[in-house]
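Quick look at coords_29.pdb (PDB, C-alpha atoms and all ligand atoms):
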```pdb
MODEL        1
ATOM      1  CA  MET X   1       2.319 -13.291  -9.628
ATOM      2  CA  ILE X   2       5.058 -15.930  -9.596
ATOM      3  CA  ARG X   3       8.366 -14.670  -8.209
ATOM      4  CA  LEU X   4      11.132 -16.177 -10.256
ATOM      5  CA  ASN X   5      14.775 -15.260 -10.194
ATOM      6  CA  HIS X   6      16.225 -17.248 -13.071
ATOM      7  CA  VAL X   7      14.828 -19.114 -16.064
ATOM      8  CA  ALA X   8      17.120 -20.847 -18.554
ATOM      9  CA  ILE X   9      16.154 -22.127 -21.995
ATOM     10  CA  ILE X  10      17.845 -24.581 -24.349
ATOM     11  CA  MET X  11      16.540 -23.288 -27.668
ATOM     12  CA  ASP X  12      16.643 -26.544 -29.636
ATOM     13  CA  GLY X  13      14.844 -27.646 -32.783
ATOM     14  CA  ASN X  14      15.586 -24.771 -35.130
ATOM     15  CA  GLY X  15      17.084 -26.915 -37.876
ATOM     16  CA  ARG X  16      14.180 -29.368 -37.885
ATOM     17  CA  TRP X  17      11.679 -26.483 -37.922
ATOM     18  CA  GLY X  18      13.454 -24.990 -40.930
ATOM     19  CA  ILE X  19      13.401 -28.295 -42.809
ATOM     20  CA  LYS X  20       9.736 -28.840 -41.981
ATOM     21  CA  ASN X  21       8.605 -25.379 -43.058
ATOM     22  CA  PHE X  22      11.113 -24.265 -45.714
ATOM     23  CA  LYS X  23      13.186 -27.390 -46.505
ATOM     24  CA  ASN X  24      16.085 -25.318 -45.199
ATOM     25  CA  ARG X  25      17.817 -25.503 -41.773
ATOM     26  CA  THR X  26      19.082 -21.934 -42.071
ATOM     27  CA  LYS X  27      15.503 -20.618 -42.131
ATOM     28  CA  GLY X  28      14.975 -22.400 -38.838
ATOM     29  CA  HIS X  29      17.840 -20.522 -37.210
ATOM     30  CA  GLU X  30      16.517 -17.273 -38.656
ATOM     31  CA  TYR X  31      13.029 -17.828 -37.203
ATOM     32  CA  GLY X  32      14.576 -19.066 -33.976
ATOM     33  CA  VAL X  33      16.214 -15.680 -33.469
ATOM     34  CA  LYS X  34      12.885 -13.934 -34.125
ATOM     35  CA  ASN X  35      11.285 -15.954 -31.372
ATOM     36  CA  ILE X  36      13.464 -14.519 -28.608
ATOM     37  CA  LYS X  37      11.849 -11.080 -28.242
ATOM     38  CA  PRO X  38       8.376 -12.091 -26.987
ATOM     39  CA  ILE X  39      10.010 -14.369 -24.413
ATOM     40  CA  ILE X  40      12.201 -11.498 -23.183
ATOM     41  CA  GLU X  41       9.182  -9.206 -22.963
ATOM     42  CA  PHE X  42       7.254 -11.824 -21.012
ATOM     43  CA  CYS X  43      10.134 -12.151 -18.538
ATOM     44  CA  ILE X  44      10.206  -8.388 -18.031
ATOM     45  CA  ARG X  45       6.421  -8.197 -17.537
ATOM     46  CA  ASN X  46       6.656 -10.957 -14.964
ATOM     47  CA  LYS X  47       9.685  -9.555 -13.192
ATOM     48  CA  ILE X  48      11.883 -12.570 -13.882
ATOM     49  CA  LYS X  49      15.299 -11.115 -13.141
ATOM     50  CA  ASN X  50      17.568 -13.446 -15.114
ATOM     51  CA  LEU X  51      17.055 -15.185 -18.436
ATOM     52  CA  THR X  52      19.786 -17.435 -19.806
ATOM     53  CA  LEU X  53      19.488 -18.626 -23.403
ATOM     54  CA  TYR X  54      21.559 -21.459 -24.840
ATOM     55  CA  ALA X  55      22.290 -20.308 -28.386
ATOM     56  CA  LEU X  56      25.406 -22.274 -29.347
ATOM     57  CA  SER X  57      27.255 -25.048 -27.548
ATOM     58  CA  LYS X  58      30.982 -25.614 -27.654
ATOM     59  CA  ASP X  59      30.222 -28.946 -29.331
ATOM     60  CA  ASN X  60      28.082 -27.182 -31.960
ATOM     61  CA  PHE X  61      31.076 -24.962 -32.653
ATOM     62  CA  ILE X  62      33.368 -27.959 -33.018
ATOM     63  CA  LYS X  63      31.044 -30.290 -34.881
ATOM     64  CA  ARG X  64      28.590 -28.323 -37.050
ATOM     65  CA  LYS X  65      29.339 -27.707 -40.727
ATOM     66  CA  LYS X  66      31.205 -24.504 -41.530
ATOM     67  CA  GLY X  67      28.361 -23.171 -43.658
ATOM     68  CA  GLU X  68      25.828 -23.591 -40.851
ATOM     69  CA  LEU X  69      28.183 -21.988 -38.324
ATOM     70  CA  ASN X  70      28.858 -19.014 -40.581
ATOM     71  CA  ASN X  71      25.149 -18.485 -40.915
ATOM     72  CA  ILE X  72      24.694 -18.667 -37.128
ATOM     73  CA  PHE X  73      27.484 -16.102 -36.682
ATOM     74  CA  TYR X  74      25.860 -13.846 -39.251
ATOM     75  CA  LEU X  75      22.455 -14.075 -37.526
ATOM     76  CA  PHE X  76      23.999 -13.552 -34.100
ATOM     77  CA  GLU X  77      25.869 -10.399 -35.114
ATOM     78  CA  LYS X  78      22.817  -9.053 -36.917
ATOM     79  CA  TYR X  79      20.627  -9.766 -33.894
ATOM     80  CA  LEU X  80      22.960  -7.922 -31.542
ATOM     81  CA  ASN X  81      23.172  -4.907 -33.857
ATOM     82  CA  ASP X  82      19.434  -4.812 -34.591
ATOM     83  CA  GLN X  83      18.380  -5.149 -30.949
ATOM     84  CA  LYS X  84      20.775  -2.614 -29.436
ATOM     85  CA  THR X  85      18.134   0.087 -28.988
ATOM     86  CA  PHE X  86      15.563  -2.443 -27.779
ATOM     87  CA  PHE X  87      17.978  -3.594 -25.053
ATOM     88  CA  GLU X  88      18.676  -0.002 -24.038
ATOM     89  CA  LYS X  89      15.040   1.053 -24.058
ATOM     90  CA  LYS X  90      13.938  -1.946 -22.022
ATOM     91  CA  LYS X  91      16.868  -1.649 -19.606
ATOM     92  CA  ILE X  92      18.205  -5.080 -20.342
ATOM     93  CA  ASN X  93      21.724  -5.911 -19.283
ATOM     94  CA  LEU X  94      23.155  -8.287 -21.861
ATOM     95  CA  THR X  95      26.065 -10.603 -21.082
ATOM     96  CA  PHE X  96      27.611 -13.631 -22.722
ATOM     97  CA  ILE X  97      28.957 -16.863 -21.309
ATOM     98  CA  GLY X  98      31.136 -19.392 -23.073
ATOM     99  CA  GLU X  99      34.498 -19.643 -24.764
ATOM    100  CA  LYS X 100      35.621 -16.524 -26.570
ATOM    101  CA  SER X 101      38.693 -18.134 -28.075
ATOM    102  CA  GLY X 102      38.236 -19.491 -31.573
ATOM    103  CA  LEU X 103      35.251 -17.280 -32.363
ATOM    104  CA  PRO X 104      35.491 -15.028 -35.441
ATOM    105  CA  LYS X 105      36.984 -11.581 -34.804
ATOM    106  CA  ASN X 106      33.786  -9.642 -35.549
ATOM    107  CA  ILE X 107      31.830 -11.753 -33.047
ATOM    108  CA  LYS X 108      34.455 -11.269 -30.320
ATOM    109  CA  LYS X 109      34.463  -7.558 -31.043
ATOM    110  CA  ILE X 110      30.729  -7.058 -30.747
ATOM    111  CA  MET X 111      30.590  -9.216 -27.613
ATOM    112  CA  SER X 112      33.297  -7.255 -25.850
ATOM    113  CA  SER X 113      31.778  -3.911 -26.863
ATOM    114  CA  ILE X 114      28.534  -5.002 -25.188
ATOM    115  CA  ASN X 115      30.272  -6.461 -22.118
ATOM    116  CA  LYS X 116      32.170  -3.204 -21.601
ATOM    117  CA  LYS X 117      28.998  -1.122 -21.296
ATOM    118  CA  PRO X 118      28.522   0.375 -17.834
ATOM    119  CA  ASN X 119      25.848  -1.230 -15.710
ATOM    120  CA  VAL X 120      22.381   0.043 -16.458
ATOM    121  CA  LEU X 121      20.451   1.661 -13.612
ATOM    122  CA  ASN X 122      17.028   0.270 -12.658
ATOM    123  CA  LEU X 123      17.612  -2.897 -14.603
ATOM    124  CA  ASN X 124      14.632  -4.885 -15.794
ATOM    125  CA  LEU X 125      16.395  -8.028 -16.898
ATOM    126  CA  ASN X 126      19.794  -9.670 -17.012
ATOM    127  CA  LEU X 127      19.839 -11.446 -20.324
ATOM    128  CA  CYS X 128      22.649 -13.936 -20.655
ATOM    129  CA  ILE X 129      23.406 -15.648 -23.941
ATOM    130  CA  ALA X 130      25.409 -18.864 -23.805
ATOM    131  CA  PHE X 131      27.440 -18.899 -26.988
ATOM    132  CA  ASN X 132      30.198 -21.424 -27.651
ATOM    133  CA  TYR X 133      29.397 -22.554 -24.128
ATOM    134  CA  SER X 134      30.377 -25.771 -22.338
ATOM    135  CA  SER X 135      29.311 -26.397 -18.783
ATOM    136  CA  LYS X 136      32.112 -28.922 -18.255
ATOM    137  CA  LEU X 137      34.677 -26.313 -19.316
ATOM    138  CA  GLU X 138      33.028 -23.715 -17.073
ATOM    139  CA  ILE X 139      33.395 -26.058 -14.103
ATOM    140  CA  ILE X 140      37.040 -26.858 -14.913
ATOM    141  CA  LYS X 141      37.788 -23.133 -15.200
ATOM    142  CA  SER X 142      36.162 -22.452 -11.873
ATOM    143  CA  PHE X 143      38.175 -25.199 -10.143
ATOM    144  CA  LYS X 144      41.402 -23.847 -11.676
ATOM    145  CA  LYS X 145      40.601 -20.274 -10.671
ATOM    146  CA  THR X 146      39.684 -21.301  -7.136
ATOM    147  CA  LEU X 147      42.996 -23.147  -6.777
ATOM    148  CA  SER X 148      44.921 -20.202  -8.199
ATOM    149  CA  GLN X 149      43.304 -18.002  -5.530
ATOM    150  CA  ASN X 150      44.628 -20.419  -2.892
ATOM    151  CA  LYS X 151      41.093 -21.108  -1.811
ATOM    152  CA  ALA X 152      39.626 -24.388  -0.670
ATOM    153  CA  LEU X 153      37.700 -26.434  -3.232
ATOM    154  CA  ASN X 154      34.284 -26.180  -1.651
ATOM    155  CA  ILE X 155      30.833 -25.462  -3.068
ATOM    156  CA  LYS X 156      30.785 -21.806  -2.067
ATOM    157  CA  ASN X 157      34.171 -21.031  -3.592
ATOM    158  CA  ILE X 158      33.467 -22.981  -6.786
ATOM    159  CA  GLU X 159      30.177 -21.102  -7.237
ATOM    160  CA  GLN X 160      31.937 -17.777  -6.756
ATOM    161  CA  ASN X 161      33.940 -18.564  -9.886
ATOM    162  CA  LEU X 162      31.116 -19.821 -12.092
ATOM    163  CA  TYR X 163      29.542 -17.572 -14.713
ATOM    164  CA  THR X 164      26.299 -17.626 -12.718
ATOM    165  CA  VAL X 165      27.760 -16.000  -9.608
ATOM    166  CA  LYS X 166      25.302 -13.099  -9.891
ATOM    167  CA  SER X 167      22.266 -14.824 -11.369
ATOM    168  CA  ASN X 168      22.370 -17.933  -9.130
ATOM    169  CA  ASP X 169      21.008 -21.334 -10.122
ATOM    170  CA  PRO X 170      17.960 -21.356 -12.411
ATOM    171  CA  GLU X 171      14.712 -22.464 -10.798
ATOM    172  CA  ILE X 172      13.580 -23.666 -14.220
ATOM    173  CA  ILE X 173      15.385 -25.074 -17.251
ATOM    174  CA  ILE X 174      13.294 -25.549 -20.382
ATOM    175  CA  ARG X 175      14.439 -27.487 -23.423
ATOM    176  CA  THR X 176      12.414 -27.261 -26.594
ATOM    177  CA  GLY X 177      12.770 -29.649 -29.525
ATOM    178  CA  GLY X 178      11.847 -32.971 -27.915
ATOM    179  CA  MET X 179      15.193 -34.190 -26.586
ATOM    180  CA  ASN X 180      15.406 -35.058 -22.891
ATOM    181  CA  ARG X 181      18.977 -34.012 -22.199
ATOM    182  CA  LEU X 182      21.037 -31.032 -21.094
ATOM    183  CA  SER X 183      23.764 -31.195 -23.785
ATOM    184  CA  ASP X 184      26.465 -29.675 -21.562
ATOM    185  CA  PHE X 185      24.302 -26.795 -20.269
ATOM    186  CA  LEU X 186      24.473 -25.566 -16.646
ATOM    187  CA  LEU X 187      25.354 -29.015 -15.271
ATOM    188  CA  TRP X 188      26.435 -27.717 -11.857
ATOM    189  CA  GLN X 189      23.695 -25.084 -11.597
ATOM    190  CA  SER X 190      20.891 -27.529 -12.482
ATOM    191  CA  ALA X 191      21.361 -29.625  -9.335
ATOM    192  CA  TYR X 192      17.903 -28.604  -8.055
ATOM    193  CA  SER X 193      16.367 -26.972 -11.120
ATOM    194  CA  GLU X 194      12.990 -28.106 -12.361
ATOM    195  CA  LEU X 195      13.526 -29.471 -15.863
ATOM    196  CA  TYR X 196      10.885 -29.093 -18.556
ATOM    197  CA  PHE X 197      11.386 -30.921 -21.835
ATOM    198  CA  VAL X 198       8.859 -29.881 -24.447
ATOM    199  CA  LYS X 199       8.313 -31.329 -27.921
ATOM    200  CA  THR X 200       7.672 -27.933 -29.551
ATOM    201  CA  LEU X 201      10.529 -26.849 -31.807
ATOM    202  CA  TRP X 202      12.045 -23.535 -30.633
ATOM    203  CA  PRO X 203      10.685 -21.262 -33.446
ATOM    204  CA  SER X 204       7.161 -22.443 -32.523
ATOM    205  CA  PHE X 205       7.573 -22.034 -28.767
ATOM    206  CA  THR X 206       5.173 -19.361 -27.535
ATOM    207  CA  VAL X 207       4.688 -17.213 -24.458
ATOM    208  CA  ARG X 208       1.547 -19.232 -23.845
ATOM    209  CA  LYS X 209       3.629 -22.406 -23.602
ATOM    210  CA  LEU X 210       6.013 -20.669 -21.232
ATOM    211  CA  LYS X 211       3.040 -19.618 -19.093
ATOM    212  CA  ASP X 212       1.853 -23.261 -18.979
ATOM    213  CA  ILE X 213       5.274 -24.298 -17.689
ATOM    214  CA  LEU X 214       5.277 -21.590 -15.012
ATOM    215  CA  ARG X 215       1.793 -22.666 -13.943
ATOM    216  CA  LYS X 216       3.073 -26.216 -13.477
ATOM    217  CA  PHE X 217       6.142 -24.954 -11.668
ATOM    218  CA  ILE X 218       4.162 -23.164  -8.963
ATOM    219  CA  THR X 219       2.381 -26.388  -8.036
ATOM    220  CA  ILE X 220       5.674 -28.151  -7.357
ATOM    221  CA  LYS X 221       7.167 -28.501  -3.915
ATOM    222  CA  ARG X 222      10.912 -28.085  -4.079
ATOM    223  CA  ASN X 223      12.596 -29.946  -1.226
ATOM    224  CA  PHE X 224      16.322 -29.405  -1.783
ATOM    225  CA  GLY X 225      16.837 -32.708  -0.021
ATOM    226  CA  ALA X 226      14.776 -31.876   3.065
TER     227      ALA X 226
HETATM  228  C1  LIG X 301      19.530 -25.452 -31.861
HETATM  229  O1  LIG X 301      18.923 -25.876 -33.027
HETATM  230  C2  LIG X 301      20.358 -24.230 -32.090
HETATM  231  C3  LIG X 301      21.775 -24.517 -32.362
HETATM  232  C4  LIG X 301      22.388 -25.599 -32.056
HETATM  233  C5  LIG X 301      22.531 -23.458 -32.999
HETATM  234  P1  LIG X 301      19.528 -27.062 -33.885
HETATM  235  O2  LIG X 301      20.375 -26.498 -34.969
HETATM  236  O3  LIG X 301      20.195 -28.057 -32.995
HETATM  237  O4  LIG X 301      18.203 -27.680 -34.487
HETATM  238  P2  LIG X 301      17.849 -29.212 -34.610
HETATM  239  O5  LIG X 301      17.895 -29.794 -33.229
HETATM  240  O6  LIG X 301      18.841 -29.827 -35.532
HETATM  241  O7  LIG X 301      16.453 -29.218 -35.148
HETATM  242  C1  LIG X 302      21.957 -28.010 -27.652
HETATM  243  O1  LIG X 302      21.347 -28.467 -28.797
HETATM  244  C2  LIG X 302      22.570 -26.679 -27.894
HETATM  245  C3  LIG X 302      21.660 -25.599 -28.186
HETATM  246  C4  LIG X 302      20.352 -25.668 -28.305
HETATM  247  C5  LIG X 302      22.276 -24.337 -28.344
HETATM  248  P1  LIG X 302      22.016 -29.572 -29.749
HETATM  249  O2  LIG X 302      21.080 -29.780 -30.845
HETATM  250  O3  LIG X 302      23.397 -29.185 -30.070
HETATM  251  O4  LIG X 302      22.076 -30.838 -28.784
HETATM  252  P2  LIG X 302      22.342 -32.363 -29.132
HETATM  253  O5  LIG X 302      23.567 -32.420 -29.989
HETATM  254  O6  LIG X 302      21.124 -32.841 -29.860
HETATM  255  O7  LIG X 302      22.498 -33.031 -27.805
HETATM  256 MG    MG X 303      19.492 -29.739 -31.966
ENDMDL
END
```
Output the file's structure as structure tokens, nothing else.
Ligand code: IPE
Ligand code: IPE
Ligand code: MG
Amino acid sequence: MIRLNHVAIIMDGNGRWGIKNFKNRTKGHEYGVKNIKPIIEFCIRNKIKNLTLYALSKDNFIKRKKGELNNIFYLFEKYLNDQKTFFEKKKINLTFIGEKSGLPKNIKKIMSSINKKPNVLNLNLNLCIAFNYSSKLEIIKSFKKTLSQNKALNIKNIEQNLYTVKSNDPEIIIRTGGMNRLSDFLLWQSAYSELYFVKTLWPSFTVRKLKDILRKFITIKRNFGA
């Protein structure tokens, strides 16, 4: 079995999938949400400790139409409510990264109620959802915090103040939807990640495709500059 600590996924292509299948972007976001569960279950079965999912970027929040954003907020809140017992049963520790400010009240409320939960014993998975997230802002915040602690600006101290302090850098970053870019996702943490850009739109991405990526990953020699 492959021993992986951290897999991160940029879940892109929902809108295009919705247009293709229902002539409706919203449907794509709806089916995109449905596609998360099998991936989580695969990670648990394969003892992947950390899964980070890019659900909404800061730029999405600034630039997408209000109607589309409201629908994403609706789906996000519904997902968190609907999956509560699943997360508990499967011993999944759910956290969020990104900017809280500016988000609707109900979203902030549900996020903080989840973040306040005591740590689960015998955890199976740390699931982290990047929502209204910007990697550039995360890095700026970390620099500011490090300075305010009167600590030197070095790699170790900066990493102590990044959101990924516990999960560490992902070994693998996958982006679905055919674009070969990171779109402000884990820019610092991806320094030595293996990047997999797949054409499949997120709602069509399957566990089988994830397995194919992991099979490729194990054949790769990671040098870290050596
Ligand atoms: C990614 O899907 C999810 C979000 C940004 C919320 P998109 O909405 O970017 O879908 P495409 O890339 O337009 O198909
Ligand atoms: C990146 O996708 C963000 C998420 C998938 C959440 P975008 O669709 O926003 O990326 P760009 O704008 O095409 O780079
Ligand atoms: Mg997109």
Site check for ligand LIG 302 (chain X): residues at most 9 Å away, only C-alpha atoms and all ligand atoms, as a VMD selection string
chain X and resid 9 to 15 53 to 60 64 130 to 133 175 to 177 179 to 185 202
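Residues in contact with X:Phe143 at up to 9 Å, not including ones fewer than 2 positions away on its chain and judged by all atoms listed in the file, are Glu138, Ile139, Ile140, Lys141, Lys145, Thr146, Leu147, Ser148, Leu153, Asn157, Ile158 and Asn161 of chain X.
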For those residues, write C-alpha atoms to a file as a compact mmCIF listing (two decimals), in the coordinates of the input.
```
# COMPACT_ATOMS: atom_id res chain seq x y z
CA GLU X 138 33.03 -23.72 -17.07
CA ILE X 139 33.40 -26.06 -14.10
CA ILE X 140 37.04 -26.86 -14.91
CA LYS X 141 37.79 -23.13 -15.20
CA LYS X 145 40.60 -20.27 -10.67
CA THR X 146 39.68 -21.30 -7.14
CA LEU X 147 43.00 -23.15 -6.78
CA SER X 148 44.92 -20.20 -8.20
CA LEU X 153 37.70 -26.43 -3.23
CA ASN X 157 34.17 -21.03 -3.59
CA ILE X 158 33.47 -22.98 -6.79
CA ASN X 161 33.94 -18.56 -9.89
```
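Of the residues listed (X:Ile107, X:Val33, X:Leu214, X:Ile48), X:Ile48 shows the shortest atom-to-atom separation from X:Leu127; distances use only C-alpha atoms.
Atom CA of X:Ser112 is positioned 24.9 Å from atom O2 of ligand LIG 301 (chain X).
Proximity ranking of X:Lys90, X:Asp212, X:Leu186, X:Ser134 relative to X:Val198 places X:Asp212 first, based on only C-alpha atoms.
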Residue members of the PyMOL selection byres (((chain X and resi 205) around 10) and not hetatm) in the file shown, as number ranges by chain:
X: 11, 32, 35-36, 39, 176-177, 198-204, 206-210
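Counting from atom CA of X:Lys166, the distance to atom CA of X:Phe73 is 27.0 Å.
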Shell of 8 Å around X:Ser193, only C-alpha atoms, local chain residues under 5 positions omitted, as number ranges by chain:
X: 169-173
Filtering to C-alpha atoms, could you give me those residues as a compact mmCIF listing (two decimals), keeping the file's coordinate frame?
```
# COMPACT_ATOMS: atom_id res chain seq x y z
CA ASP X 169 21.01 -21.33 -10.12
CA PRO X 170 17.96 -21.36 -12.41
CA GLU X 171 14.71 -22.46 -10.80
CA ILE X 172 13.58 -23.67 -14.22
CA ILE X 173 15.38 -25.07 -17.25
```
Residues matched by the PyMOL selection byres (((chain X and resi 40) around 12) and not hetatm), written as an MDAnalysis selection string
chainID X and resid 7:9 33:39 41:53 83 86:87 90:94 124:129 206:207 210
